[in-house]
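Asker: Following this line is final12.tsv, made up of TSV, C-alpha atoms and all ligand atoms:
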chain	number	residue	atom	x	y	z
A	176	MET	CA	243.43	40.60	-64.47
A	177	MET	CA	245.35	39.36	-61.41
A	178	PRO	CA	248.93	38.40	-62.30
A	179	THR	CA	249.37	34.61	-62.17
A	180	THR	CA	252.35	35.02	-59.82
A	181	GLU	CA	250.12	36.55	-57.14
A	182	ARG	CA	250.62	34.72	-53.82
A	183	PRO	CA	247.57	33.59	-51.88
A	184	THR	CA	245.93	36.57	-50.12
A	185	SER	CA	246.93	35.40	-46.64
A	186	ALA	CA	250.67	35.47	-47.53
A	187	SER	CA	250.46	38.48	-49.84
A	188	SER	CA	251.51	41.94	-48.74
A	189	VAL	CA	249.30	43.62	-51.30
A	190	ILE	CA	247.18	46.01	-49.23
A	191	ALA	CA	243.40	46.04	-49.52
A	192	GLY	CA	242.90	49.28	-47.52
A	193	ALA	CA	243.82	51.15	-44.33
A	194	ASP	CA	242.38	48.42	-42.11
A	195	ASP	CA	244.59	45.85	-43.81
A	196	VAL	CA	248.01	47.44	-43.25
A	197	THR	CA	248.78	46.52	-39.65
A	198	GLY	CA	248.01	42.83	-40.08
A	199	LYS	CA	250.07	42.65	-43.27
A	200	VAL	CA	253.08	44.26	-41.62
A	201	LEU	CA	252.82	41.95	-38.61
A	202	ALA	CA	252.59	38.95	-40.94
A	203	ALA	CA	255.67	40.08	-42.89
A	204	MET	CA	257.68	40.24	-39.64
A	205	ALA	CA	256.35	36.98	-38.23
A	206	SER	CA	259.38	34.90	-39.14
A	207	THR	CA	261.85	37.02	-37.13
A	208	PRO	CA	264.07	34.37	-35.48
A	209	ASP	CA	265.11	36.54	-32.51
A	210	ALA	CA	262.14	36.20	-30.13
A	211	ARG	CA	262.77	39.47	-28.26
A	212	LEU	CA	263.25	41.46	-31.48
A	213	SER	CA	260.03	39.92	-32.73
A	214	GLU	CA	258.14	40.91	-29.55
A	215	ILE	CA	259.47	44.47	-29.58
A	216	MET	CA	258.84	45.13	-33.29
A	217	ASN	CA	255.39	43.58	-33.14
A	218	ALA	CA	254.36	45.87	-30.28
A	219	LEU	CA	256.04	48.89	-31.87
A	220	VAL	CA	254.16	48.44	-35.15
A	221	ARG	CA	250.84	47.90	-33.37
A	222	HIS	CA	251.27	51.00	-31.19
A	223	LEU	CA	252.65	53.15	-34.02
A	224	HIS	CA	249.76	52.28	-36.29
A	225	ALA	CA	247.25	52.79	-33.48
A	226	PHE	CA	248.80	56.20	-32.79
A	227	ALA	CA	248.41	57.28	-36.44
A	228	ARG	CA	244.78	56.13	-36.37
A	229	GLU	CA	244.04	57.82	-33.03
A	230	VAL	CA	245.33	61.26	-34.10
A	231	ARG	CA	244.35	60.76	-37.79
A	232	LEU	CA	247.90	61.71	-38.74
A	233	THR	CA	248.01	63.83	-41.91
A	234	GLU	CA	250.64	63.47	-44.61
A	235	ASP	CA	252.13	66.85	-43.68
A	236	GLU	CA	252.40	65.79	-40.05
A	237	TRP	CA	254.00	62.49	-41.06
A	238	GLU	CA	256.54	64.45	-43.12
A	239	ARG	CA	257.28	66.77	-40.18
A	240	GLY	CA	257.67	63.79	-37.87
A	241	THR	CA	260.14	61.96	-40.09
A	242	GLU	CA	262.05	65.19	-40.63
A	243	PHE	CA	262.17	65.66	-36.84
A	244	LEU	CA	263.74	62.20	-36.46
A	245	ASN	CA	266.24	62.95	-39.23
A	246	ARG	CA	267.22	66.19	-37.53
A	247	ILE	CA	267.78	64.38	-34.24
A	248	GLY	CA	270.35	62.22	-35.99
A	249	GLN	CA	271.93	65.18	-37.75
A	250	ALA	CA	272.24	67.11	-34.47
A	251	THR	CA	274.05	64.20	-32.78
A	252	ASN	CA	277.84	64.07	-32.76
A	253	ASP	CA	280.76	63.08	-30.50
A	254	THR	CA	279.98	65.86	-28.03
A	255	HIS	CA	276.19	66.05	-28.17
A	256	ASN	CA	273.48	63.38	-28.08
A	257	GLU	CA	270.15	64.76	-29.27
A	258	GLY	CA	268.56	61.27	-29.34
A	259	ILE	CA	268.98	60.78	-25.61
A	260	LEU	CA	267.85	64.36	-25.00
A	261	CYS	CA	264.66	63.67	-26.94
A	262	SER	CA	263.98	60.48	-24.98
A	263	ASP	CA	264.61	62.43	-21.75
A	264	ALA	CA	262.30	65.33	-22.65
A	265	LEU	CA	259.48	62.88	-23.42
A	266	GLY	CA	259.85	61.18	-20.02
A	267	PHE	CA	260.80	57.98	-21.83
A	268	SER	CA	264.25	57.63	-20.21
A	269	THR	CA	262.78	57.97	-16.72
A	270	LEU	CA	260.03	55.46	-17.51
A	271	VAL	CA	262.55	52.90	-18.76
A	272	CYS	CA	264.77	53.56	-15.72
A	273	LEU	CA	261.96	53.05	-13.22
A	274	LEU	CA	260.69	49.94	-15.01
A	275	ASN	CA	264.14	48.39	-14.68
A	276	ASN	CA	265.15	49.37	-11.15
A	277	GLY	CA	263.61	49.12	-7.67
A	278	GLN	CA	262.75	45.43	-8.18
A	279	ALA	CA	261.48	46.06	-11.70
A	280	GLY	CA	259.40	49.06	-10.69
A	281	ALA	CA	257.78	47.47	-7.63
A	282	THR	CA	259.56	49.60	-5.01
A	283	GLU	CA	261.33	52.93	-4.68
A	284	THR	CA	264.77	53.18	-6.18
A	285	THR	CA	267.75	55.49	-5.95
A	286	ALA	CA	268.21	55.11	-9.74
A	287	ALA	CA	267.61	57.91	-12.26
A	288	LEU	CA	268.20	58.67	-15.92
A	289	LEU	CA	271.80	58.84	-17.22
A	290	GLY	CA	271.44	62.01	-19.30
A	291	PRO	CA	273.67	62.88	-22.24
A	292	PHE	CA	276.78	64.09	-20.38
A	293	TRP	CA	278.42	61.03	-18.82
A	294	ARG	CA	281.97	60.48	-20.06
A	295	MET	CA	284.14	57.39	-19.62
A	296	ALA	CA	287.57	57.64	-18.02
A	297	SER	CA	287.03	60.41	-15.52
A	298	PRO	CA	290.10	60.93	-13.29
A	299	LEU	CA	290.59	58.48	-10.43
A	300	THR	CA	290.41	60.63	-7.30
A	301	ALA	CA	291.43	59.80	-3.72
A	302	ASP	CA	288.67	59.46	-1.15
A	303	GLY	CA	287.82	62.95	0.06
A	304	GLY	CA	289.55	64.50	-2.98
A	305	SER	CA	288.26	67.36	-5.10
A	306	LEU	CA	286.41	67.42	-8.41
A	307	VAL	CA	287.50	71.02	-8.92
A	308	ARG	CA	290.33	70.89	-11.44
A	309	SER	CA	290.29	74.46	-12.69
A	310	GLU	CA	289.16	77.71	-11.11
A	311	THR	CA	285.42	77.34	-10.55
A	312	PRO	CA	283.21	79.90	-8.83
A	313	GLY	CA	280.49	79.03	-6.32
A	314	PRO	CA	280.14	77.80	-2.75
A	315	ALA	CA	282.14	74.73	-1.75
A	316	LEU	CA	280.30	71.45	-1.33
A	317	PHE	CA	281.49	68.52	0.78
A	318	ALA	CA	279.67	65.28	-0.03
A	319	PHE	CA	279.65	62.24	2.26
A	320	CYS	CA	278.05	59.23	0.59
A	321	ARG	CA	277.51	55.58	1.34
A	322	ILE	CA	276.43	52.65	-0.82
A	323	THR	CA	274.59	49.70	0.71
A	324	ASP	CA	272.70	46.70	-0.57
A	325	PRO	CA	268.90	46.58	-0.14
A	326	ARG	CA	269.37	45.13	3.38
A	327	GLY	CA	271.49	48.08	4.43
A	328	ARG	CA	274.85	46.25	4.34
A	329	PRO	CA	277.72	48.43	3.07
A	330	ILE	CA	279.17	47.53	-0.33
A	331	PRO	CA	282.94	48.04	-0.46
A	332	GLY	CA	284.93	48.44	-3.69
A	333	VAL	CA	282.22	50.11	-5.77
A	334	GLU	CA	283.70	52.24	-8.55
A	335	VAL	CA	281.71	55.49	-8.45
A	336	ASP	CA	281.78	58.07	-11.22
A	337	VAL	CA	280.61	61.55	-10.23
A	338	TRP	CA	279.92	64.36	-12.70
A	339	GLN	CA	278.14	67.68	-12.49
A	340	ALA	CA	277.63	71.05	-14.14
A	341	SER	CA	279.47	74.09	-12.82
A	342	PRO	CA	277.72	76.77	-10.75
A	343	VAL	CA	277.08	78.61	-14.03
A	344	GLY	CA	275.25	75.54	-15.32
A	345	LEU	CA	277.72	74.16	-17.88
A	346	TYR	CA	279.47	70.78	-18.06
A	347	GLU	CA	283.20	71.05	-18.81
A	348	ASN	CA	282.74	69.72	-22.34
A	349	GLN	CA	280.34	72.63	-23.05
A	350	ASP	CA	282.56	75.30	-21.56
A	351	PRO	CA	286.01	76.31	-22.84
A	352	THR	CA	286.80	78.08	-19.54
A	353	GLN	CA	286.90	74.73	-17.67
A	354	VAL	CA	289.78	72.26	-18.06
A	355	ASP	CA	289.08	68.80	-19.43
A	356	MET	CA	287.35	66.64	-16.79
A	357	ASN	CA	286.67	69.52	-14.41
A	358	LEU	CA	283.86	68.51	-11.98
A	359	ARG	CA	284.23	64.86	-12.90
A	360	GLY	CA	285.91	62.14	-10.86
A	361	LYS	CA	286.02	58.44	-10.05
A	362	PHE	CA	286.04	57.12	-6.48
A	363	HIS	CA	286.04	53.72	-4.74
A	364	THR	CA	283.90	52.95	-1.72
A	365	GLY	CA	285.80	51.83	1.40
A	366	ALA	CA	285.11	48.81	3.62
A	367	ASP	CA	282.22	50.77	5.18
A	368	GLY	CA	280.69	51.49	1.74
A	369	ARG	CA	281.57	55.17	2.06
A	370	PHE	CA	283.15	57.66	-0.30
A	371	ALA	CA	283.53	61.42	0.05
A	372	PHE	CA	284.54	64.29	-2.16
A	373	ARG	CA	284.83	68.02	-2.35
A	374	SER	CA	283.21	70.01	-5.13
A	375	VAL	CA	281.13	73.14	-5.65
A	376	LYS	CA	277.37	73.40	-5.16
A	377	PRO	CA	275.92	72.85	-8.62
A	378	ALA	CA	273.44	75.21	-10.27
A	379	GLY	CA	270.44	74.27	-12.36
A	380	TYR	CA	270.80	74.67	-16.10
A	381	PRO	CA	268.82	74.58	-19.32
A	382	VAL	CA	269.18	71.46	-21.47
A	383	PRO	CA	270.60	72.21	-24.94
A	384	THR	CA	267.86	73.97	-26.91
A	385	GLU	CA	269.49	74.76	-30.25
A	386	GLY	CA	268.30	71.50	-31.85
A	387	PRO	CA	264.92	69.96	-32.67
A	388	VAL	CA	264.19	69.09	-29.03
A	389	GLY	CA	264.54	72.77	-28.08
A	390	GLU	CA	262.16	73.64	-30.89
A	391	LEU	CA	259.63	71.15	-29.53
A	392	LEU	CA	259.94	72.54	-25.99
A	393	ARG	CA	259.27	76.06	-27.29
A	394	ALA	CA	256.26	74.85	-29.27
A	395	GLN	CA	254.93	73.27	-26.06
A	396	GLN	CA	255.69	76.37	-23.97
A	397	ARG	CA	257.85	74.30	-21.65
A	398	HIS	CA	260.88	75.78	-19.87
A	399	PRO	CA	264.15	73.95	-20.56
A	400	TYR	CA	265.54	73.84	-16.99
A	401	ARG	CA	266.83	70.99	-14.90
A	402	PRO	CA	267.04	71.52	-11.14
A	403	ALA	CA	270.64	71.52	-9.87
A	404	HIS	CA	272.00	68.02	-9.34
A	405	LEU	CA	275.01	65.75	-9.04
A	406	HIS	CA	275.27	62.63	-11.22
A	407	PHE	CA	276.55	59.28	-9.92
A	408	LEU	CA	277.29	55.96	-11.60
A	409	GLY	CA	278.15	53.03	-9.27
A	410	PHE	CA	279.72	49.91	-10.76
A	411	LYS	CA	280.66	46.63	-9.10
A	412	PRO	CA	280.44	43.08	-10.48
A	413	GLY	CA	277.50	41.26	-8.85
A	414	TYR	CA	275.37	44.43	-8.57
A	415	LYS	CA	273.11	46.16	-11.05
A	416	THR	CA	274.96	49.26	-12.20
A	417	LEU	CA	273.50	52.23	-10.36
A	418	VAL	CA	272.94	55.31	-12.51
A	419	THR	CA	271.51	58.19	-10.56
A	420	GLN	CA	271.33	61.86	-9.64
A	421	VAL	CA	270.90	63.75	-6.37
A	422	PHE	CA	269.00	67.03	-6.55
A	423	VAL	CA	269.59	70.26	-4.67
A	424	ASP	CA	266.62	70.72	-2.35
A	425	ASP	CA	266.24	74.51	-2.66
A	426	ASP	CA	266.22	74.66	-6.48
A	427	GLU	CA	263.36	76.63	-8.05
A	428	HIS	CA	262.84	73.94	-10.73
A	429	LEU	CA	262.72	70.94	-8.38
A	430	GLU	CA	259.01	70.43	-9.11
A	431	SER	CA	259.28	70.97	-12.90
A	432	ASP	CA	262.39	69.18	-14.18
A	433	VAL	CA	262.18	69.32	-17.99
A	434	VAL	CA	263.34	65.69	-18.23
A	435	PHE	CA	261.28	64.28	-15.31
A	436	GLY	CA	264.32	62.99	-13.40
A	437	VAL	CA	263.22	63.98	-9.88
A	438	THR	CA	261.74	61.48	-7.44
A	439	ARG	CA	261.30	62.37	-3.75
A	440	GLN	CA	263.98	59.86	-2.82
A	441	LEU	CA	266.56	61.68	-4.94
A	442	VAL	CA	266.18	65.07	-3.27
A	443	GLY	CA	269.35	65.60	-1.23
A	444	ASP	CA	269.73	67.43	2.04
A	445	PHE	CA	272.20	70.18	1.12
A	446	ARG	CA	272.86	71.77	4.50
A	447	PRO	CA	274.60	75.12	4.86
A	448	GLY	CA	277.84	74.32	6.69
A	449	GLU	CA	278.28	75.56	10.21
A	450	GLY	CA	281.69	76.55	11.52
A	451	PRO	CA	284.89	76.04	9.58
A	452	PRO	CA	284.69	73.88	6.41
A	453	PRO	CA	286.25	70.38	6.44
A	454	THR	CA	289.25	71.65	4.45
A	455	GLY	CA	290.94	74.96	5.09
A	456	ASP	CA	291.04	76.14	1.46
A	457	ALA	CA	287.24	76.49	1.24
A	458	GLY	CA	285.67	79.76	2.31
A	459	ALA	CA	282.15	80.57	3.52
A	460	PRO	CA	279.45	79.83	2.62
A	461	TRP	CA	279.92	76.11	2.20
A	462	TYR	CA	277.48	73.17	2.02
A	463	ARG	CA	277.41	69.60	3.15
A	464	LEU	CA	275.54	66.69	1.56
A	465	ASP	CA	275.04	63.29	3.22
A	466	TYR	CA	273.42	60.73	0.96
A	467	ASP	CA	273.03	56.93	0.99
A	468	PHE	CA	272.55	54.93	-2.22
A	469	VAL	CA	271.22	51.40	-2.58
A	470	MET	CA	272.60	48.97	-5.18
A	471	GLU	CA	270.56	45.91	-6.06
A	472	PRO	CA	272.12	42.52	-6.79
A	473	GLY	CA	272.24	42.04	-10.56
A	474	GLU	CA	274.29	42.46	-13.67
A	475	ALA	CA	277.11	45.01	-13.70
A	476	LYS	CA	276.98	46.53	-17.14
A	477	LEU	CA	278.22	49.95	-18.16
A	478	PRO	CA	276.01	52.07	-20.41
A	479	LYS	CA	277.44	53.18	-23.72
A	480	PRO	CA	278.81	56.69	-23.14
A	481	PRO	CA	276.46	59.18	-24.85
A	482	ILE	CA	279.45	61.43	-25.68
A	483	LYS	CA	283.21	60.84	-26.05
B	501	LIG	C1	271.78	65.90	-17.43
B	501	LIG	O1	271.40	65.91	-16.29
B	501	LIG	O2	272.98	65.89	-17.61
B	501	LIG	C2	270.79	65.95	-18.52
B	501	LIG	C3	269.76	65.05	-18.52
B	501	LIG	C4	268.84	65.10	-19.55
B	501	LIG	C5	268.96	66.05	-20.55
B	501	LIG	C6	270.01	66.96	-20.54
B	501	LIG	C7	270.91	66.91	-19.50
B	502	FE	FE	273.08	66.85	-15.48
Take the structure from the file and write it as structure tokens.
Ligand code: BEZ
Ligand code: FE
Answerer:
Amino acid sequence: MMPTTERPTSASSVIAGADDVTGKVLAAMASTPDARLSEIMNALVRHLHAFAREVRLTEDEWERGTEFLNRIGQATNDTHNEGILCSDALGFSTLVCLLNNGQAGATETTAALLGPFWRMASPLTADGGSLVRSETPGPALFAFCRITDPRGRPIPGVEVDVWQASPVGLYENQDPTQVDMNLRGKFHTGADGRFAFRSVKPAGYPVPTEGPVGELLRAQQRHPYRPAHLHFLGFKPGYKTLVTQVFVDDDEHLESDVVFGVTRQLVGDFRPGEGPPPTGDAGAPWYRLDYDFVMEPGEAKLPKPPIK
């Protein structure tokens, strides 16, 4: 006997079979007042259910999947963000970046994924100053950059964060031999939109592989390397915050970045320096990078720092 309190079938979430689940879940969420939340959750449920149907997901696989998500959370702390790493390794971060930059994906962009290593409050550094704050091996790098709007007009007063791994492939927060904030700095563009700094030529490095994402990469027989790069974040009210990276052109992993961050536009021209370096304290060999960024008009909004 049906209980007398049973709601009419159309409003009931009692499930008649596998084909009934998706519609019932969508109906249960239909009164979401926030229109964007409603749109996102509706699409997520439809795609998630379609995915389970397409691969005929087994109960064991469902259990492994939920455990994988739990372990991503458990592996995340103040100094490591496994969630962002997972999104990066699936190409999801790059997809979202390209959909939201370059006139909403219509044109090329100098934007790229943020990655898990940006930190707030990097040291304000004078134009032309050095990111090297403790003894760091490797060839010197002198970078000369410019930021313009899409019409090529220089943008003065952009606050630019720069961060990079050392020539042994470690960010300072991963490496006790580097002082706090080594190879990180904040600059301001001048009236001509330019800023310059001294650093060391970065090396490529493996993304962290001790967590569940590393396990997945091994199961897929994928290498964990990123080609060498410098990170930049440009911020100025009136412009869409520019998050990007510039890649070293001779890196062996340029064509196989594990997190899909490389676009042709982001490959820098790292030229071996000729003659004496711009500052006397640098020895040979040294490198020079000249790179121009474009910032689009839009909302200046800082991302939430992935680590403290
Ligand atoms: C990075 O470039 O800092 C990075 C990006 C994605 C995953 C790991 C590291
Ligand atoms: Fe990086």
Asker: What is the atom CA of Ala315 of chain A-atom CA of Phe445 of chain A distance in Å, reported with one decimal?
Answerer: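 It comes out at 11.3 Å.
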Asker: With only C-alpha atoms as the basis for distance, which of A:Arg369, A:Ser305, A:Asp209, A:Leu274 is at the shortest distance from Met356 of chain A?
Answerer: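 The shortest atom-to-atom distance to Met356 of chain A comes from A:Ser305.
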Asker: Emit as AutoDock Vina command-line options the padded axis-aligned box for all listed atoms of ligand LIG 501 (chain B), 4 Å per side, with centre and edge lengths in Å to one decimal.
Answerer:
--center_x 270.9 --center_y 66.0 --center_z -18.4 --size_x 12.1 --size_y 9.9 --size_z 12.3
Asker: Nearest to Val434 of chain A: which of A:Asp302, A:Asp263, A:Glu283, A:Asp367 is it, counting all atoms listed in the file?
Answerer: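 Between A:Asp302, A:Asp263, A:Glu283, A:Asp367, the residue approaching Val434 of chain A most closely is A:Asp263.
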Asker: Excluding Gln353 of chain A and residues on its chain fewer than 4 positions from it, collect all residues at most 12 Å away from it, counting only C-alpha atoms, and give them as a compact mmCIF listing (two decimals) with C-alpha atoms, in the frame of the given file.
Answerer:
# COMPACT_ATOMS: atom_id res chain seq x y z
CA LEU A 306 286.41 67.42 -8.41
CA VAL A 307 287.50 71.02 -8.92
CA ARG A 308 290.33 70.89 -11.44
CA SER A 309 290.29 74.46 -12.69
CA GLU A 310 289.16 77.71 -11.11
CA THR A 311 285.42 77.34 -10.55
CA PRO A 312 283.21 79.90 -8.83
CA ALA A 340 277.63 71.05 -14.14
CA SER A 341 279.47 74.09 -12.82
CA PRO A 342 277.72 76.77 -10.75
CA VAL A 343 277.08 78.61 -14.03
CA GLY A 344 275.25 75.54 -15.32
CA LEU A 345 277.72 74.16 -17.88
CA TYR A 346 279.47 70.78 -18.06
CA GLU A 347 283.20 71.05 -18.81
CA ASN A 348 282.74 69.72 -22.34
CA GLN A 349 280.34 72.63 -23.05
CA ASN A 357 286.67 69.52 -14.41
CA LEU A 358 283.86 68.51 -11.98
CA ARG A 359 284.23 64.86 -12.90
Asker: One number please: atom CA of Asn252 of chain A to atom CA of Glu390 of chain A, in Å, one decimal.
Answerer: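 Separating atom CA of Asn252 of chain A from atom CA of Glu390 of chain A is a distance of 18.5 Å.
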Asker: Hey, could you make a per-residue contact list for segment 303-383 of chain A against segment 466-482 of chain A with 6 Å as the cut-off, showing the nearest pair of atoms and its distance in Å to one decimal, counting all atoms listed in the file, sorted by chain and number, as JSON lines?
Answerer:
{"residue": "A:Cys320", "atom": "CA", "partner": "A:Tyr466", "partner_atom": "CA", "distance": 4.9}
{"residue": "A:Arg321", "atom": "CA", "partner": "A:Asp467", "partner_atom": "CA", "distance": 4.7}
{"residue": "A:Ile322", "atom": "CA", "partner": "A:Phe468", "partner_atom": "CA", "distance": 4.7}
{"residue": "A:Thr323", "atom": "CA", "partner": "A:Val469", "partner_atom": "CA", "distance": 5.0}
{"residue": "A:Asp324", "atom": "CA", "partner": "A:Met470", "partner_atom": "CA", "distance": 5.1}
{"residue": "A:Pro325", "atom": "CA", "partner": "A:Val469", "partner_atom": "CA", "distance": 5.9}
Asker: From the set A:Ala287, A:Ala394, A:Ala366, A:Leu464, which residue has the shortest atom-to-atom contact distance to ligand FE 502 (chain B), counting only C-alpha atoms and all ligand atoms?
Answerer: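 So, comparing all the options, the nearest one is A:Ala287.
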Asker: Enumerate residues in contact with ligand LIG 501 (chain B): an atom-to-atom distance of at most 7 Å, counting all atoms listed in the file. Format the result as a short mmCIF file (atom, residue, chain, number, x, y, z; two decimals) with C-alpha atoms, in the frame of the given file.
Answerer:
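Done, and the output landed in result-v3.cif:
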data_model
loop_
_atom_site.label_atom_id
_atom_site.label_comp_id
_atom_site.auth_asym_id
_atom_site.auth_seq_id
_atom_site.Cartn_x
_atom_site.Cartn_y
_atom_site.Cartn_z
CA LEU A 260 267.85 64.36 -25.00
CA ASP A 263 264.61 62.43 -21.75
CA LEU A 289 271.80 58.84 -17.22
CA GLY A 290 271.44 62.01 -19.30
CA PRO A 291 273.67 62.88 -22.24
CA PHE A 292 276.78 64.09 -20.38
CA VAL A 382 269.18 71.46 -21.47
CA PRO A 383 270.60 72.21 -24.94
CA ARG A 401 266.83 70.99 -14.90
CA VAL A 434 263.34 65.69 -18.23
#
Asker: Closest to ligand FE 502 (chain B) among A:Ser206, A:Gln249, A:Thr364, A:Gln420, using all atoms listed in the file?
Answerer: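 Closest to ligand FE 502 (chain B), using all atoms listed in the file: A:Gln420.
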Asker: So what do you get for atom CA of Glu236 of chain A versus atom CA of Asp195 of chain A, distance-wise?
Answerer: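 Computing the Euclidean distance for atom CA of Glu236 of chain A and atom CA of Asp195 of chain A yields 21.7 Å.
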Asker: Which one of A:Pro377, A:Pro298, A:Pro208, A:Pro452 sits closest to ligand FE 502 (chain B) if you count all atoms listed in the file?
Answerer: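 Of all the options, A:Pro377 lies closest to ligand FE 502 (chain B).
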Asker: Which residue, A:His363, A:His255, A:Arg239, A:His406, has the smallest gap to ligand FE 502 (chain B) when you use all atoms listed in the file?
Answerer: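 Using all atoms listed in the file, ligand FE 502 (chain B) sits closest to A:His406.
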Asker: For Thr419 of chain A, find every residue with an atom within 12 Å (counting only C-alpha atoms), except residues of its own chain fewer than 6 positions away, and show them as a ChimeraX atom specification.
Answerer: /A:269,272-273,276,284-290,293,335-339,404-410,436-438,440-442,466-470
Asker: Mind dumping the selected residues with C-alpha atoms as an mmCIF file, in the coordinates of the input?
Answerer:
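Written output follows (result.cif):
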data_model
loop_
_atom_site.group_PDB
_atom_site.id
_atom_site.type_symbol
_atom_site.label_atom_id
_atom_site.label_comp_id
_atom_site.auth_asym_id
_atom_site.auth_seq_id
_atom_site.Cartn_x
_atom_site.Cartn_y
_atom_site.Cartn_z
ATOM 1 C CA THR A 269 262.780 57.970 -16.720
ATOM 2 C CA CYS A 272 264.770 53.560 -15.720
ATOM 3 C CA LEU A 273 261.960 53.050 -13.220
ATOM 4 C CA ASN A 276 265.150 49.370 -11.150
ATOM 5 C CA THR A 284 264.770 53.180 -6.180
ATOM 6 C CA THR A 285 267.750 55.490 -5.950
ATOM 7 C CA ALA A 286 268.210 55.110 -9.740
ATOM 8 C CA ALA A 287 267.610 57.910 -12.260
ATOM 9 C CA LEU A 288 268.200 58.670 -15.920
ATOM 10 C CA LEU A 289 271.800 58.840 -17.220
ATOM 11 C CA GLY A 290 271.440 62.010 -19.300
ATOM 12 C CA TRP A 293 278.420 61.030 -18.820
ATOM 13 C CA VAL A 335 281.710 55.490 -8.450
ATOM 14 C CA ASP A 336 281.780 58.070 -11.220
ATOM 15 C CA VAL A 337 280.610 61.550 -10.230
ATOM 16 C CA TRP A 338 279.920 64.360 -12.700
ATOM 17 C CA GLN A 339 278.140 67.680 -12.490
ATOM 18 C CA HIS A 404 272.000 68.020 -9.340
ATOM 19 C CA LEU A 405 275.010 65.750 -9.040
ATOM 20 C CA HIS A 406 275.270 62.630 -11.220
ATOM 21 C CA PHE A 407 276.550 59.280 -9.920
ATOM 22 C CA LEU A 408 277.290 55.960 -11.600
ATOM 23 C CA GLY A 409 278.150 53.030 -9.270
ATOM 24 C CA PHE A 410 279.720 49.910 -10.760
ATOM 25 C CA GLY A 436 264.320 62.990 -13.400
ATOM 26 C CA VAL A 437 263.220 63.980 -9.880
ATOM 27 C CA THR A 438 261.740 61.480 -7.440
ATOM 28 C CA GLN A 440 263.980 59.860 -2.820
ATOM 29 C CA LEU A 441 266.560 61.680 -4.940
ATOM 30 C CA VAL A 442 266.180 65.070 -3.270
ATOM 31 C CA TYR A 466 273.420 60.730 0.960
ATOM 32 C CA ASP A 467 273.030 56.930 0.990
ATOM 33 C CA PHE A 468 272.550 54.930 -2.220
ATOM 34 C CA VAL A 469 271.220 51.400 -2.580
ATOM 35 C CA MET A 470 272.600 48.970 -5.180
#
Asker: For Ala227 of chain A, find every residue with an atom within 12 Å (counting all atoms listed in the file), except residues of its own chain fewer than 2 positions away, and show them as number ranges by chain.
Answerer: A: 193, 196-197, 220-225, 229-234, 236-237, 240
